[in-house]
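Text of structure-v8.pdb (PDB, C-alpha atoms) as supplied:
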```pdb
ATOM      1  CA  MET B  22     -63.430  46.098  39.980  1.00  0.00           C
ATOM      2  CA  SER B  23     -63.955  42.586  38.650  1.00  0.00           C
ATOM      3  CA  ASP B  24     -62.379  41.281  35.456  1.00  0.00           C
ATOM      4  CA  SER B  25     -65.836  41.195  33.858  1.00  0.00           C
ATOM      5  CA  GLU B  26     -66.508  44.820  34.778  1.00  0.00           C
ATOM      6  CA  MET B  27     -63.115  45.899  33.440  1.00  0.00           C
ATOM      7  CA  ALA B  28     -63.683  43.968  30.204  1.00  0.00           C
ATOM      8  CA  GLU B  29     -67.024  45.686  29.780  1.00  0.00           C
ATOM      9  CA  ARG B  30     -65.495  49.139  30.317  1.00  0.00           C
ATOM     10  CA  ILE B  31     -62.583  48.467  27.956  1.00  0.00           C
ATOM     11  CA  GLY B  32     -64.783  46.924  25.266  1.00  0.00           C
ATOM     12  CA  GLU B  33     -63.828  44.302  22.676  1.00  0.00           C
ATOM     13  CA  ILE B  34     -62.006  42.168  25.270  1.00  0.00           C
ATOM     14  CA  SER B  35     -63.122  39.225  27.394  1.00  0.00           C
ATOM     15  CA  ALA B  36     -62.909  38.819  31.149  1.00  0.00           C
ATOM     16  CA  GLU B  37     -60.405  36.001  30.542  1.00  0.00           C
ATOM     17  CA  ALA B  38     -58.205  38.368  28.516  1.00  0.00           C
ATOM     18  CA  VAL B  39     -58.361  40.920  31.343  1.00  0.00           C
ATOM     19  CA  ARG B  40     -57.299  38.174  33.773  1.00  0.00           C
ATOM     20  CA  LYS B  41     -54.290  37.339  31.565  1.00  0.00           C
ATOM     21  CA  LEU B  42     -53.341  41.015  31.473  1.00  0.00           C
ATOM     22  CA  ARG B  43     -53.734  41.316  35.238  1.00  0.00           C
ATOM     23  CA  PHE B  44     -51.462  38.332  35.876  1.00  0.00           C
ATOM     24  CA  ARG B  45     -49.138  39.586  33.122  1.00  0.00           C
ATOM     25  CA  THR B  46     -49.134  36.346  31.149  1.00  0.00           C
ATOM     26  CA  ARG B  47     -49.825  38.347  27.994  1.00  0.00           C
ATOM     27  CA  GLY B  48     -49.573  41.933  26.900  1.00  0.00           C
ATOM     28  CA  PRO B  49     -52.324  44.129  25.452  1.00  0.00           C
ATOM     29  CA  SER B  50     -52.713  45.421  21.930  1.00  0.00           C
ATOM     30  CA  ILE B  51     -52.018  49.109  21.488  1.00  0.00           C
ATOM     31  CA  ARG B  52     -55.765  49.798  21.320  1.00  0.00           C
ATOM     32  CA  VAL B  53     -56.495  47.870  24.522  1.00  0.00           C
ATOM     33  CA  ALA B  54     -53.563  49.507  26.336  1.00  0.00           C
ATOM     34  CA  ALA B  55     -54.908  52.940  25.388  1.00  0.00           C
ATOM     35  CA  ARG B  56     -58.403  52.008  26.589  1.00  0.00           C
ATOM     36  CA  ILE B  57     -57.034  50.711  29.898  1.00  0.00           C
ATOM     37  CA  GLU B  58     -55.127  53.947  30.434  1.00  0.00           C
ATOM     38  CA  ALA B  59     -58.303  55.911  29.703  1.00  0.00           C
ATOM     39  CA  VAL B  60     -60.570  53.740  31.875  1.00  0.00           C
ATOM     40  CA  THR B  61     -58.162  53.921  34.820  1.00  0.00           C
ATOM     41  CA  ALA B  62     -57.455  57.647  34.315  1.00  0.00           C
ATOM     42  CA  GLY B  63     -53.762  56.857  33.849  1.00  0.00           C
ATOM     43  CA  ALA B  64     -53.406  54.785  37.025  1.00  0.00           C
ATOM     44  CA  VAL B  65     -52.501  51.766  34.855  1.00  0.00           C
ATOM     45  CA  ARG B  66     -50.164  52.551  31.980  1.00  0.00           C
ATOM     46  CA  ALA B  67     -49.248  50.395  28.975  1.00  0.00           C
ATOM     47  CA  VAL B  68     -45.776  49.834  30.406  1.00  0.00           C
ATOM     48  CA  ASP B  69     -47.385  48.413  33.560  1.00  0.00           C
ATOM     49  CA  LEU B  70     -49.021  45.711  31.437  1.00  0.00           C
ATOM     50  CA  GLU B  71     -45.872  44.313  29.857  1.00  0.00           C
ATOM     51  CA  PRO B  72     -45.833  40.520  30.244  1.00  0.00           C
ATOM     52  CA  VAL B  73     -43.466  39.001  32.777  1.00  0.00           C
ATOM     53  CA  LYS B  74     -40.983  36.706  31.120  1.00  0.00           C
ATOM     54  CA  ARG B  75     -40.311  33.535  33.051  1.00  0.00           C
ATOM     55  CA  PRO B  76     -36.668  32.592  33.568  1.00  0.00           C
ATOM     56  CA  VAL B  77     -35.254  29.925  31.271  1.00  0.00           C
ATOM     57  CA  ARG B  78     -33.958  26.862  33.085  1.00  0.00           C
ATOM     58  CA  ALA B  79     -30.644  25.280  32.114  1.00  0.00           C
ATOM     59  CA  ALA B  80     -32.429  22.007  31.265  1.00  0.00           C
ATOM     60  CA  GLU B  81     -34.601  23.843  28.716  1.00  0.00           C
ATOM     61  CA  VAL B  82     -31.596  25.425  27.017  1.00  0.00           C
ATOM     62  CA  SER B  83     -29.661  22.186  26.581  1.00  0.00           C
ATOM     63  CA  ALA B  84     -32.675  20.191  25.376  1.00  0.00           C
TER      64      ALA B  84
END
```
Can the structure in the file be given as structure tokens, please?
Amino acid sequence: MSDSEMAERIGEISAEAVRKLRFRTRGPSIRVAARIEAVTAGAVRAVDLEPVKRPVRAAEVSA
């Protein structure tokens, strides 16, 4: 299913927002997470959509 199709099924979310969720650069609201679980019949759960935190580099810490 395309990001546009998923956005349409979820409702109140753009294809770009779906793309960010898919690549886990952002997490969903509670409402969107519930809709995704419903649309996917539980195949994708809210916990599966938690954003991935990038590791902090030593140079960023000391700056």
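Across the chains present, the PyMOL selection byres ((chain B and resi 74) around 12) applied to this file returns Phe44, Arg45, Thr46, Arg47, Gly48, Glu71, Pro72, Val73, Arg75, Pro76 and Val77 of chain B.
Non-sequential neighbours of B:Val39 (distance at most 8 Å, separation of 3 or more positions within a chain, only C-alpha atoms) are Asp24, Ser25, Met27, Ala28, Ile34, Ser35, Ala36, Leu42 and Arg43 of chain B.
The two atoms in question, atom CA of B:Arg30 and atom CA of B:Ile57, are spaced 8.6 Å apart.
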- Message: What's the separation between atom CA of B:Glu29 and atom CA of B:Thr61, in Å to one decimal place?
- Response: 13.1 Å
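Across the model, the gap from atom CA of B:Val53 to atom CA of B:Asp69 is 12.8 Å.
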- Please evaluate the PyMOL selection byres ((chain B and resi 58) around 12) against the displayed coordinates and give the resulting residues as a list of chain:residue names. B:Met27, B:Arg30, B:Ile31, B:Pro49, B:Ile51, B:Arg52, B:Val53, B:Ala54, B:Ala55, B:Arg56, B:Ile57, B:Ala59, B:Val60, B:Thr61, B:Ala62, B:Gly63, B:Ala64, B:Val65, B:Arg66, B:Ala67, B:Val68, B:Asp69, B:Leu70
